[in-house]
>>> print(open('entry-v5.cif').read())   # mmCIF, C-alpha atoms and all ligand atoms
data_query
#
loop_
_atom_site.label_atom_id
_atom_site.label_comp_id
_atom_site.auth_asym_id
_atom_site.auth_seq_id
_atom_site.Cartn_x
_atom_site.Cartn_y
_atom_site.Cartn_z
CA MET A 1 41.74 -1.30 -87.22
CA GLN A 2 39.66 1.67 -88.34
CA LEU A 3 40.10 4.80 -86.24
CA THR A 4 38.21 8.08 -86.39
CA ASP A 5 40.10 11.35 -86.81
CA TYR A 6 39.72 12.06 -83.10
CA GLU A 7 41.05 8.61 -82.19
CA LYS A 8 44.01 9.08 -84.55
CA ARG A 9 44.74 12.43 -82.94
CA MET A 10 44.74 10.83 -79.48
CA LEU A 11 47.05 8.07 -80.75
CA GLU A 12 49.45 10.63 -82.23
CA GLY A 13 49.57 12.63 -78.97
CA GLY A 14 47.42 15.56 -80.13
CA GLU A 15 45.31 15.29 -76.96
CA GLY A 16 48.30 14.90 -74.63
CA PRO A 17 50.66 12.16 -73.47
CA ALA A 18 48.23 10.29 -71.19
CA PRO A 19 45.56 9.66 -73.88
CA ARG A 20 48.37 8.74 -76.30
CA PHE A 21 49.70 6.09 -73.91
CA ALA A 22 46.16 4.81 -73.27
CA MET A 23 45.32 4.68 -77.00
CA GLU A 24 48.50 2.77 -77.76
CA VAL A 25 47.42 0.12 -75.24
CA LEU A 26 43.84 -0.04 -76.55
CA VAL A 27 44.84 -0.24 -80.21
CA LYS A 28 47.38 -2.97 -79.47
CA LEU A 29 44.74 -4.91 -77.52
CA GLY A 30 42.21 -4.49 -80.32
CA GLN A 31 44.71 -5.75 -82.88
CA ILE A 32 45.48 -8.83 -80.78
CA TYR A 33 41.76 -9.67 -80.49
CA GLY A 34 40.89 -8.80 -84.10
CA ALA A 35 38.64 -5.83 -83.29
CA ASP A 36 37.60 -3.90 -86.41
CA ARG A 37 37.25 -0.57 -84.55
CA LEU A 38 36.83 1.06 -81.16
CA VAL A 39 33.48 1.72 -79.49
CA GLU A 40 32.64 4.85 -77.52
CA VAL A 41 32.08 4.05 -73.85
CA SER A 42 29.95 6.40 -71.79
CA SER A 43 31.23 5.56 -68.31
CA ALA A 44 33.93 3.62 -66.52
CA GLN A 45 34.05 1.73 -63.23
CA ILE A 46 37.70 1.36 -62.31
CA MET A 47 39.55 -0.46 -59.57
CA ALA A 48 41.35 1.69 -57.03
CA HIS A 49 41.89 -0.71 -54.16
CA TYR A 50 45.46 -1.29 -53.21
CA GLY A 51 44.58 -4.84 -52.03
CA SER A 52 44.16 -5.93 -55.66
CA LEU A 53 46.30 -3.48 -57.61
CA HIS A 54 49.38 -3.54 -55.37
CA ASP A 55 52.43 -1.44 -56.26
CA ALA A 56 52.10 -2.01 -60.02
CA GLY A 57 48.57 -0.51 -60.07
CA LEU A 58 49.65 2.39 -57.90
CA GLU A 59 52.56 3.13 -60.24
CA LEU A 60 50.26 3.05 -63.28
CA ALA A 61 47.73 5.45 -61.70
CA GLU A 62 50.52 7.83 -60.63
CA LYS A 63 52.08 7.59 -64.09
CA PHE A 64 48.82 8.81 -65.64
CA VAL A 65 48.77 11.68 -63.11
CA ALA A 66 52.39 12.58 -63.96
CA LEU A 67 51.44 12.61 -67.66
CA GLY A 68 48.70 15.15 -66.89
CA GLY A 69 45.84 12.71 -67.63
CA ARG A 70 42.15 13.43 -66.97
CA PHE A 71 39.25 11.00 -67.16
CA ILE A 72 36.99 12.26 -69.95
CA ILE A 73 33.93 10.11 -69.13
CA PRO A 74 32.07 9.73 -65.81
CA THR A 75 34.21 7.34 -63.78
CA THR A 76 33.44 5.63 -60.49
CA GLU A 77 35.63 3.21 -58.56
CA ASP A 78 35.38 -0.09 -56.80
CA PRO A 79 35.59 -0.10 -52.97
CA LEU A 80 38.82 0.84 -51.27
CA SER A 81 40.64 -1.86 -49.35
CA ILE A 82 40.47 -0.06 -46.02
CA CYS A 83 37.67 1.67 -44.13
CA ASP A 84 38.33 5.34 -43.34
CA ARG A 85 36.53 5.12 -39.98
CA HIS A 86 37.90 1.85 -38.66
CA TRP A 87 41.24 0.95 -40.27
CA ARG A 88 43.29 2.02 -37.25
CA ASP A 89 41.22 0.24 -34.63
CA ILE A 90 41.15 -3.04 -36.57
CA GLY A 91 44.95 -2.86 -36.91
CA ILE A 92 45.61 -2.27 -40.63
CA PRO A 93 49.36 -1.50 -41.04
CA GLU A 94 50.21 2.21 -41.57
CA GLU A 95 52.29 1.47 -44.67
CA TYR A 96 49.37 -0.36 -46.33
CA ALA A 97 46.98 2.50 -45.49
CA ALA A 98 49.45 5.07 -46.86
CA LYS A 99 49.65 3.28 -50.23
CA GLN A 100 45.85 2.97 -50.40
CA GLU A 101 45.64 6.72 -49.73
CA ARG A 102 48.12 7.48 -52.56
CA LEU A 103 46.00 5.40 -54.93
CA ARG A 104 42.84 7.18 -53.83
CA GLN A 105 44.44 10.58 -54.37
CA ALA A 106 45.73 9.54 -57.81
CA VAL A 107 42.30 8.54 -59.12
CA LEU A 108 40.67 11.65 -57.64
CA THR A 109 43.32 13.80 -59.35
CA LEU A 110 42.48 12.02 -62.60
CA GLY A 111 38.84 13.09 -62.11
CA ALA A 112 37.04 10.06 -60.65
CA GLN A 113 33.80 10.50 -58.69
CA PRO A 114 34.36 9.41 -55.06
CA ALA A 115 31.82 6.56 -55.15
CA TRP A 116 34.00 3.70 -53.76
CA THR A 117 31.50 0.96 -54.39
CA CYS A 118 30.80 -2.23 -56.31
CA THR A 119 27.22 -0.95 -56.77
CA PRO A 120 28.04 2.20 -58.79
CA TYR A 121 24.54 2.06 -60.33
CA LEU A 122 23.25 3.13 -56.86
CA ALA A 123 25.79 5.96 -56.68
CA GLY A 124 25.29 7.99 -59.84
CA ASN A 125 26.79 5.74 -62.53
CA LEU A 126 23.66 4.37 -64.21
CA PRO A 127 23.95 3.49 -67.92
CA ARG A 128 20.85 2.91 -70.02
CA PHE A 129 19.85 -0.16 -72.05
CA GLY A 130 22.24 -0.76 -74.95
CA GLN A 131 24.85 1.78 -73.85
CA ASN A 132 28.54 0.76 -74.04
CA VAL A 133 30.49 1.21 -70.80
CA SER A 134 33.81 -0.06 -69.50
CA TRP A 135 33.38 -1.54 -66.04
CA ALA A 136 35.47 -3.64 -63.72
CA GLU A 137 34.40 -5.83 -60.75
CA SER A 138 32.54 -8.96 -61.65
CA SER A 139 29.27 -8.28 -59.79
CA ALA A 140 29.00 -4.75 -61.20
CA VAL A 141 29.75 -6.07 -64.70
CA SER A 142 27.05 -8.72 -64.36
CA PHE A 143 24.54 -6.12 -63.15
CA ALA A 144 25.36 -3.71 -65.98
CA ASN A 145 25.09 -6.36 -68.69
CA SER A 146 22.20 -8.39 -67.31
CA VAL A 147 19.93 -6.14 -65.25
CA LEU A 148 20.52 -2.83 -67.04
CA GLY A 149 21.15 -4.22 -70.53
CA ALA A 150 24.26 -2.04 -70.91
CA ARG A 151 27.33 -3.56 -72.58
CA THR A 152 30.71 -4.19 -71.01
CA ASN A 153 33.37 -6.84 -70.80
CA ARG A 154 34.96 -7.76 -67.48
CA THR A 155 37.57 -5.12 -68.10
CA PRO A 156 40.92 -5.61 -66.33
CA ALA A 157 42.12 -2.84 -64.01
CA GLY A 158 44.72 -1.06 -66.19
CA LEU A 159 42.56 -1.17 -69.31
CA ASN A 160 39.74 0.59 -67.51
CA TYR A 161 42.04 3.52 -66.79
CA CYS A 162 42.76 3.65 -70.54
CA ALA A 163 39.02 3.62 -71.27
CA ALA A 164 38.37 6.42 -68.77
CA LEU A 165 41.16 8.55 -70.32
CA THR A 166 39.98 8.09 -73.91
CA GLY A 167 36.28 7.12 -73.76
CA ARG A 168 37.06 4.15 -76.00
CA MET A 169 37.42 0.34 -75.91
CA PRO A 170 38.09 -2.16 -78.71
CA ARG A 171 34.86 -3.57 -80.20
CA MET A 172 35.16 -7.14 -78.93
CA GLY A 173 33.47 -9.62 -76.58
CA LEU A 174 30.19 -8.42 -75.08
CA TYR A 175 30.18 -5.16 -77.08
CA ARG A 176 29.12 -7.31 -80.06
CA SER A 177 25.46 -8.45 -80.23
CA GLU A 178 26.38 -11.89 -81.57
CA ASN A 179 28.35 -12.59 -78.37
CA ARG A 180 25.41 -11.80 -76.08
CA ARG A 181 23.15 -14.73 -77.06
CA GLY A 182 22.07 -17.20 -74.42
CA GLN A 183 23.93 -20.53 -74.49
CA VAL A 184 22.56 -22.59 -71.58
CA LEU A 185 18.91 -22.91 -70.54
CA VAL A 186 18.45 -22.97 -66.74
CA ARG A 187 15.00 -23.90 -65.43
CA VAL A 188 14.27 -23.02 -61.81
CA ALA A 189 11.40 -24.70 -59.94
CA ALA A 190 11.59 -23.60 -56.33
CA GLY A 191 8.42 -21.58 -55.70
CA GLU A 192 8.86 -18.35 -53.76
CA MET A 193 12.52 -17.54 -53.23
CA SER A 194 14.36 -15.79 -50.38
CA SER A 195 17.39 -13.54 -50.83
CA LEU A 196 19.56 -16.49 -49.77
CA ASP A 197 17.96 -18.61 -52.51
CA TYR A 198 18.97 -16.13 -55.23
CA ASN A 199 22.52 -16.12 -53.86
CA THR A 200 22.56 -19.92 -53.84
CA LEU A 201 21.07 -20.18 -57.31
CA GLY A 202 23.86 -17.94 -58.58
CA LEU A 203 26.46 -20.32 -57.16
CA LEU A 204 24.74 -23.32 -58.75
CA ILE A 205 24.55 -21.58 -62.12
CA GLY A 206 28.16 -20.35 -62.06
CA LYS A 207 29.49 -23.81 -61.16
CA SER A 208 27.55 -25.40 -64.02
CA VAL A 209 27.92 -22.92 -66.89
CA GLY A 210 31.47 -21.61 -66.39
CA ASN A 211 31.89 -18.68 -68.77
CA ARG A 212 28.82 -19.36 -70.91
CA ILE A 213 25.67 -17.20 -70.93
CA PRO A 214 22.72 -18.70 -69.02
CA VAL A 215 19.06 -17.98 -69.72
CA VAL A 216 17.25 -18.39 -66.40
CA GLU A 217 13.56 -19.30 -66.56
CA GLY A 218 11.12 -19.78 -63.69
CA LEU A 219 12.14 -16.95 -61.36
CA PRO A 220 9.15 -15.59 -59.42
CA ASP A 221 7.45 -12.32 -60.43
CA THR A 222 8.41 -10.99 -57.00
CA THR A 223 12.13 -11.07 -57.92
CA GLY A 224 13.67 -7.74 -56.91
CA VAL A 225 16.70 -5.73 -58.01
CA ASP A 226 18.76 -6.87 -55.01
CA ASP A 227 17.85 -10.49 -55.79
CA LEU A 228 19.22 -10.09 -59.33
CA LYS A 229 22.31 -8.37 -57.92
CA TYR A 230 23.05 -11.38 -55.71
CA LEU A 231 22.29 -13.93 -58.41
CA GLY A 232 24.76 -12.26 -60.77
CA ALA A 233 27.44 -11.71 -58.11
CA ALA A 234 27.37 -15.38 -57.08
CA ALA A 235 27.35 -16.70 -60.66
CA ALA A 236 30.34 -14.45 -61.44
CA SER A 237 32.18 -15.93 -58.43
CA SER A 238 31.67 -19.68 -58.80
CA GLY A 239 31.81 -19.27 -62.60
CA VAL A 240 32.88 -16.47 -64.94
CA VAL A 241 29.38 -15.33 -65.81
CA ALA A 242 29.46 -11.73 -67.06
CA LEU A 243 25.93 -11.78 -68.52
CA TYR A 244 22.77 -13.75 -67.80
CA HIS A 245 19.30 -13.39 -69.20
CA ALA A 246 16.02 -13.86 -67.33
CA PRO A 247 12.98 -13.53 -69.64
CA GLY A 248 10.39 -11.16 -68.18
CA LEU A 249 12.93 -9.70 -65.73
CA THR A 250 16.05 -8.60 -67.62
CA PRO A 251 15.65 -6.25 -70.58
CA GLU A 252 17.51 -7.98 -73.39
CA ALA A 253 15.71 -11.29 -72.84
CA THR A 254 12.39 -9.48 -72.60
CA ALA A 255 12.95 -7.51 -75.82
CA GLY A 256 13.49 -10.67 -77.93
CA ASP A 257 14.52 -14.34 -78.06
CA PRO A 258 17.57 -14.58 -75.75
CA PHE A 259 18.93 -17.48 -77.83
CA ALA A 260 18.51 -15.44 -81.05
CA GLY A 261 17.12 -18.50 -82.86
CA ASP A 262 19.86 -20.91 -81.70
CA LYS A 263 19.21 -24.04 -79.66
CA PRO A 264 20.61 -24.08 -76.09
CA GLN A 265 23.92 -25.97 -75.86
CA GLU A 266 22.67 -27.53 -72.63
CA SER A 267 19.59 -27.51 -70.39
CA LEU A 268 19.83 -27.56 -66.60
CA SER A 269 17.23 -27.47 -63.85
CA PHE A 270 17.51 -26.54 -60.19
CA GLY A 271 14.97 -27.00 -57.41
CA ARG A 272 14.66 -26.71 -53.67
CA ASP A 273 16.80 -29.81 -52.94
CA ASP A 274 19.71 -28.33 -54.94
CA PHE A 275 19.43 -25.07 -52.97
CA THR A 276 19.49 -26.93 -49.65
CA ALA A 277 22.51 -29.04 -50.66
CA MET A 278 24.49 -26.01 -51.85
CA GLN A 279 23.65 -23.99 -48.73
CA ARG A 280 25.00 -26.89 -46.61
CA GLU A 281 28.11 -27.16 -48.79
CA MET A 282 28.93 -23.47 -48.28
CA THR A 283 28.81 -23.78 -44.49
CA THR A 284 32.24 -25.05 -43.55
CA ALA A 285 32.31 -24.19 -39.82
CA ALA A 286 30.52 -25.92 -36.99
CA GLY A 287 31.37 -23.53 -34.12
CA GLU A 288 29.98 -20.16 -33.11
CA ALA A 289 30.61 -17.18 -35.38
CA GLU A 290 32.85 -14.36 -34.10
CA LEU A 291 32.40 -12.00 -37.05
CA GLY A 292 29.36 -11.40 -39.24
CA VAL A 293 29.83 -9.81 -42.66
CA VAL A 294 27.02 -8.39 -44.82
CA GLY A 295 27.02 -6.20 -47.92
CA CYS A 296 28.80 -8.20 -50.63
CA PRO A 297 27.87 -6.67 -53.06
CA HIS A 298 27.35 -3.45 -51.11
CA TYR A 299 24.07 -3.17 -49.25
CA SER A 300 21.28 -1.06 -50.75
CA VAL A 301 18.94 1.18 -48.75
CA PRO A 302 16.22 -1.54 -48.49
CA GLU A 303 18.83 -3.96 -47.16
CA MET A 304 20.02 -1.38 -44.60
CA GLN A 305 16.37 -0.98 -43.57
CA ASN A 306 15.94 -4.73 -43.16
CA LEU A 307 19.13 -5.07 -41.11
CA ALA A 308 18.27 -2.07 -38.92
CA GLY A 309 14.86 -3.64 -38.21
CA LEU A 310 16.50 -6.93 -37.19
CA LEU A 311 19.05 -5.18 -34.93
CA ARG A 312 16.79 -2.57 -33.34
CA GLY A 313 16.91 -2.96 -29.57
CA GLN A 314 19.45 -5.83 -29.77
CA LYS A 315 23.08 -6.05 -28.61
CA LEU A 316 25.87 -8.11 -30.11
CA LYS A 317 27.21 -10.82 -27.80
CA PRO A 318 30.52 -9.98 -26.08
CA GLY A 319 33.36 -10.98 -28.43
CA CYS A 320 31.14 -10.87 -31.54
CA GLU A 321 31.44 -8.29 -34.32
CA LEU A 322 29.20 -7.41 -37.27
CA TRP A 323 30.67 -5.45 -40.19
CA VAL A 324 28.23 -3.89 -42.64
CA TYR A 325 29.57 -3.04 -46.12
CA THR A 326 27.88 -0.39 -48.21
CA SER A 327 28.67 2.61 -50.36
CA PRO A 328 29.22 6.10 -48.92
CA THR A 329 26.13 7.21 -50.90
CA VAL A 330 23.83 4.58 -49.39
CA CYS A 331 25.42 5.13 -45.98
CA GLU A 332 24.54 8.82 -46.11
CA LEU A 333 20.94 8.03 -47.04
CA ALA A 334 20.74 5.43 -44.27
CA GLN A 335 22.17 7.97 -41.84
CA GLY A 336 19.46 10.44 -42.76
CA MET A 337 16.84 7.74 -42.14
CA GLY A 338 18.18 6.88 -38.68
CA LEU A 339 19.20 3.38 -39.83
CA VAL A 340 22.90 3.82 -39.12
CA GLU A 341 22.08 4.65 -35.51
CA ASP A 342 19.96 1.48 -35.13
CA ILE A 343 22.75 -0.63 -36.61
CA THR A 344 25.63 0.89 -34.65
CA ALA A 345 23.66 1.05 -31.36
CA ALA A 346 23.60 -2.77 -31.50
CA GLY A 347 27.41 -2.75 -31.67
CA ALA A 348 27.85 -3.30 -35.44
CA ARG A 349 30.32 -1.25 -37.51
CA ILE A 350 29.44 0.40 -40.82
CA MET A 351 32.34 -0.14 -43.23
CA ASP A 352 31.31 2.21 -46.03
CA GLY A 353 33.36 2.44 -49.19
CA ASN A 354 35.43 -0.70 -48.75
CA CYS A 355 35.33 -4.48 -49.00
CA LEU A 356 36.45 -7.27 -46.69
CA VAL A 357 37.40 -9.72 -49.44
CA ILE A 358 40.14 -7.38 -50.70
CA SER A 359 41.10 -5.97 -47.28
CA PRO A 360 43.63 -7.29 -44.84
CA LEU A 361 42.09 -8.31 -41.52
CA GLY A 362 44.67 -6.30 -39.64
CA LYS A 363 45.44 -7.52 -36.16
CA ASN A 364 42.31 -9.65 -36.05
CA HIS A 365 42.46 -13.43 -36.22
CA TYR A 366 38.92 -14.65 -36.68
CA ARG A 367 38.30 -18.38 -36.98
CA THR A 368 34.61 -18.39 -37.86
CA MET A 369 32.58 -15.90 -39.86
CA VAL A 370 28.90 -15.79 -40.77
CA THR A 371 27.54 -14.14 -43.93
CA ASP A 372 24.33 -13.76 -45.91
CA SER A 373 26.28 -13.41 -49.18
CA ALA A 374 27.20 -16.30 -51.46
CA LYS A 375 30.07 -14.30 -52.93
CA ALA A 376 31.56 -13.62 -49.51
CA ALA A 377 31.04 -17.25 -48.49
CA TYR A 378 32.80 -18.32 -51.68
CA TYR A 379 35.90 -16.11 -51.31
CA LEU A 380 36.46 -15.39 -47.61
CA PRO A 381 37.56 -18.90 -46.51
CA SER A 382 40.45 -18.89 -48.99
CA GLU A 383 41.25 -15.15 -48.70
CA HIS A 384 41.31 -15.08 -44.89
CA GLN A 385 41.58 -18.76 -43.85
CA VAL A 386 38.33 -18.77 -41.86
CA GLY A 387 35.49 -21.21 -41.37
CA MET A 388 32.19 -19.97 -42.77
CA ILE A 389 28.54 -20.11 -41.81
CA TYR A 390 26.29 -19.24 -44.76
CA THR A 391 22.75 -18.27 -43.77
CA ASP A 392 20.09 -15.63 -44.31
CA THR A 393 20.26 -12.18 -42.71
CA ALA A 394 17.87 -13.06 -39.90
CA GLY A 395 19.88 -16.21 -39.09
CA LEU A 396 23.10 -14.17 -39.15
CA VAL A 397 21.70 -11.62 -36.68
CA SER A 398 20.38 -14.28 -34.33
CA ALA A 399 23.82 -15.98 -34.35
CA LEU A 400 25.50 -12.76 -33.21
CA VAL A 401 23.12 -11.06 -30.75
CA GLU A 402 22.52 -11.81 -27.08
CA GLY A 403 19.69 -14.26 -26.58
FE1 LIG A 501 31.80 -5.80 -53.56
FE2 LIG A 501 33.95 -6.69 -52.40
FE3 LIG A 501 31.85 -8.21 -52.51
S1 LIG A 501 33.89 -5.49 -54.23
S2 LIG A 501 30.94 -7.64 -54.44
S3 LIG A 501 31.98 -6.24 -51.41
S4 LIG A 501 33.95 -8.87 -52.86
#
>>> encode(input="entry-v5.cif", output="structure tokens")
Amino acid sequence: MQLTDYEKRMLEGGEGPAPRFAMEVLVKLGQIYGADRLVEVSSAQIMAHYGSLHDAGLELAEKFVALGGRFIIPTTEDPLSICDRHWRDIGIPEEYAAKQERLRQAVLTLGAQPAWTCTPYLAGNLPRFGQNVSWAESSAVSFANSVLGARTNRTPAGLNYCAALTGRMPRMGLYRSENRRGQVLVRVAAGEMSSLDYNTLGLLIGKSVGNRIPVVEGLPDTTGVDDLKYLGAAAASSGVVALYHAPGLTPEATAGDPFAGDKPQESLSFGRDDFTAMQREMTTAAGEAELGVVGCPHYSVPEMQNLAGLLRGQKLKPGCELWVYTSPTVCELAQGMGLVEDITAAGARIMDGNCLVISPLGKNHYRTMVTDSAKAAYYLPSEHQVGMIYTDTAGLVSALVEG
């Protein structure tokens, strides 16, 4: 593999022991995958939640600290696996919280920005079209590749630390233009689409295309950024979709032929009946919901506004909870707009900077949850052994508030 003088110096330890360790890992990885060289990456999105990294991830982060490492590119992190405000009152064990805190302190010592979100592009980590980055978390990766037109693989946790310490990744996978061509044509004929429809379409696409790259035609002109966020998050959950194209909406497909002259390997079409069937399939519980969960991926400001409008003047039923997941950045904006007060006055909790899928439920034993997120509906039943009601945000609120 070709290395620049600077990369050789890092590999030989001239920039310190932490970059040397990281470069050894990256060069070995590149050799295994036949990369010809490394690419410069301009930002990293790392994982720092103890719920996924466990003791091995904590040891790795603390090892980089002990070696005197510093992140040399802007680096944000995925949500934590506990909420600072509420972890005690929902019964998260002290030992678990202590390890999460050690992990948080390690990545801050390494120089990460305290973003704690799966929507880092709303919290100061916003790459431009064509820029190489090294991101983790499947929904963020899909957003970076598809909606922003930046380039990243679904980088595993430890490798992202190496990228952040060196500003490099092997040139492989989605860093190479030839690996970003569309492979499956998806035609959508469903008229105007709700947020729930984009979520559901993502599930349908992921289940059908697996790890191939879909080109999605027929989305309405009214499609918004949050709609694309949900489509990508769901497709990355039911499948392994790290990049999709939508001509007229996503930049790479709009700049040129998304199939780059090739014929699609397969053509699929989805309409209203498919949406309805999938929405029914994702609802696995018949009873009343005890816990509502929104913000997977993390809620944006417009979504906080919508939820606050639905909750204003309402009260959750006795025994019902609503947990709202968002980033600390969006939470602060929502606070300034009075939205947090509307949401919490109804009895809901804001869980900023963390994520239910990767969190323990503490002392709580919920049987039935309700969510407006396809990704949450896909993972929560197996992660937390709960029944699920999958509906839109208005339906979720009406299931939880007093009549
Ligand atoms: Fe974000 Fe957790 Fe959902 S990381 S996308 S809130 S599973």
>>> atom_distance(input="entry-v5.cif", atom1="atom CA of A:Leu196", atom2="atom CA of A:Thr393")
8.3 Å
>>> residues_near_point(input="entry-v5.cif", point="(28.8, -1.0, -71.3)", cutoff="9 Å", atoms="only C-alpha atoms", output="ChimeraX atom specification")
/A:41-44,127-128,130-135,141,144-145,149-153,174-175
>>> write_last_selection(input="entry-v5.cif", atoms="C-alpha atoms", output="PDB file, in the frame of the given file")
ATOM      1  CA  VAL A  41      32.080   4.050 -73.850  1.00  0.00           C
ATOM      2  CA  SER A  42      29.950   6.400 -71.790  1.00  0.00           C
ATOM      3  CA  SER A  43      31.230   5.560 -68.310  1.00  0.00           C
ATOM      4  CA  ALA A  44      33.930   3.620 -66.520  1.00  0.00           C
ATOM      5  CA  PRO A 127      23.950   3.490 -67.920  1.00  0.00           C
ATOM      6  CA  ARG A 128      20.850   2.910 -70.020  1.00  0.00           C
ATOM      7  CA  GLY A 130      22.240  -0.760 -74.950  1.00  0.00           C
ATOM      8  CA  GLN A 131      24.850   1.780 -73.850  1.00  0.00           C
ATOM      9  CA  ASN A 132      28.540   0.760 -74.040  1.00  0.00           C
ATOM     10  CA  VAL A 133      30.490   1.210 -70.800  1.00  0.00           C
ATOM     11  CA  SER A 134      33.810  -0.060 -69.500  1.00  0.00           C
ATOM     12  CA  TRP A 135      33.380  -1.540 -66.040  1.00  0.00           C
ATOM     13  CA  VAL A 141      29.750  -6.070 -64.700  1.00  0.00           C
ATOM     14  CA  ALA A 144      25.360  -3.710 -65.980  1.00  0.00           C
ATOM     15  CA  ASN A 145      25.090  -6.360 -68.690  1.00  0.00           C
ATOM     16  CA  GLY A 149      21.150  -4.220 -70.530  1.00  0.00           C
ATOM     17  CA  ALA A 150      24.260  -2.040 -70.910  1.00  0.00           C
ATOM     18  CA  ARG A 151      27.330  -3.560 -72.580  1.00  0.00           C
ATOM     19  CA  THR A 152      30.710  -4.190 -71.010  1.00  0.00           C
ATOM     20  CA  ASN A 153      33.370  -6.840 -70.800  1.00  0.00           C
ATOM     21  CA  LEU A 174      30.190  -8.420 -75.080  1.00  0.00           C
ATOM     22  CA  TYR A 175      30.180  -5.160 -77.080  1.00  0.00           C
TER      23      TYR A 175
END
>>> atom_distance(input="entry-v5.cif", atom1="atom CA of A:Arg187", atom2="atom CA of A:Gly202")
12.7 Å
>>> residues_around(input="entry-v5.cif", residues="stretch 254-262 of chain A", least_positions_apart="3", cutoff="10 Å", atoms="all atoms listed in the file", output="list in words")
Ser177, Glu178, Arg180, Arg181, Gly182, Gln183, Val184, Leu185, Ile213, Pro214, Val215, Tyr244, His245, Ala246, Pro247, Gly248, Leu249, Thr250, Pro251 and Gln265 of chain A
>>> closest_residue(input="entry-v5.cif", among="A:Gly353, A:Pro114, A:Gly191, A:Gly167", to="ligand LIG 501 (chain A)", atoms="all atoms listed in the file")
A:Gly353
>>> closest_residue(input="entry-v5.cif", among="A:Ser237, A:Gln100, A:Gln31, A:Ser398", to="ligand LIG 501 (chain A)", atoms="all atoms listed in the file")
A:Ser237
>>> residues_around(input="entry-v5.cif", residues="A:Ile90", least_positions_apart="3", cutoff="10 Å", atoms="all atoms listed in the file", output="PyMOL selection string")
chain A and resi 82-83+85-87+93+360-364
>>> residues_near_ligand(input="entry-v5.cif", ligand="ligand LIG 501 (chain A)", cutoff="9 Å", atoms="all atoms listed in the file", output="PyMOL selection string")
chain A and resi 78-81+117-119+137-140+230+233-234+294-299+325-326+354-359+373+375-376+379-380
>>> build_atoms(input="entry-v5.cif", residues="stretch 294-308 of chain A", atoms="N, CA and C atoms", output="compact mmCIF listing (two decimals), keeping the file's coordinate frame")
# COMPACT_ATOMS: atom_id res chain seq x y z
N VAL A 294 28.10 -8.56 -43.84
CA VAL A 294 27.02 -8.39 -44.82
C VAL A 294 27.39 -7.26 -45.78
N GLY A 295 26.79 -7.29 -46.97
CA GLY A 295 27.02 -6.20 -47.92
C GLY A 295 28.03 -6.56 -48.99
N CYS A 296 27.92 -7.77 -49.53
CA CYS A 296 28.80 -8.20 -50.63
C CYS A 296 27.91 -8.81 -51.70
N PRO A 297 27.56 -8.07 -52.77
CA PRO A 297 27.87 -6.67 -53.06
C PRO A 297 27.26 -5.71 -52.01
N HIS A 298 27.73 -4.46 -52.09
CA HIS A 298 27.35 -3.45 -51.11
C HIS A 298 25.84 -3.38 -50.89
N TYR A 299 25.48 -3.26 -49.63
CA TYR A 299 24.07 -3.17 -49.25
C TYR A 299 23.40 -1.95 -49.89
N SER A 300 22.14 -2.15 -50.26
CA SER A 300 21.28 -1.06 -50.75
C SER A 300 20.51 -0.46 -49.57
N VAL A 301 19.76 0.59 -49.83
CA VAL A 301 18.94 1.18 -48.75
C VAL A 301 17.92 0.17 -48.21
N PRO A 302 17.16 -0.56 -49.07
CA PRO A 302 16.22 -1.54 -48.49
C PRO A 302 16.90 -2.58 -47.61
N GLU A 303 18.12 -2.97 -47.98
CA GLU A 303 18.83 -3.96 -47.16
C GLU A 303 19.28 -3.34 -45.83
N MET A 304 19.67 -2.07 -45.86
CA MET A 304 20.02 -1.38 -44.60
C MET A 304 18.77 -1.29 -43.70
N GLN A 305 17.61 -1.05 -44.34
CA GLN A 305 16.37 -0.98 -43.57
C GLN A 305 16.06 -2.32 -42.91
N ASN A 306 16.22 -3.39 -43.69
CA ASN A 306 15.94 -4.73 -43.16
C ASN A 306 16.87 -5.05 -41.98
N LEU A 307 18.16 -4.77 -42.17
CA LEU A 307 19.13 -5.07 -41.11
C LEU A 307 18.85 -4.23 -39.86
N ALA A 308 18.55 -2.94 -40.07
CA ALA A 308 18.27 -2.07 -38.92
C ALA A 308 17.06 -2.59 -38.14
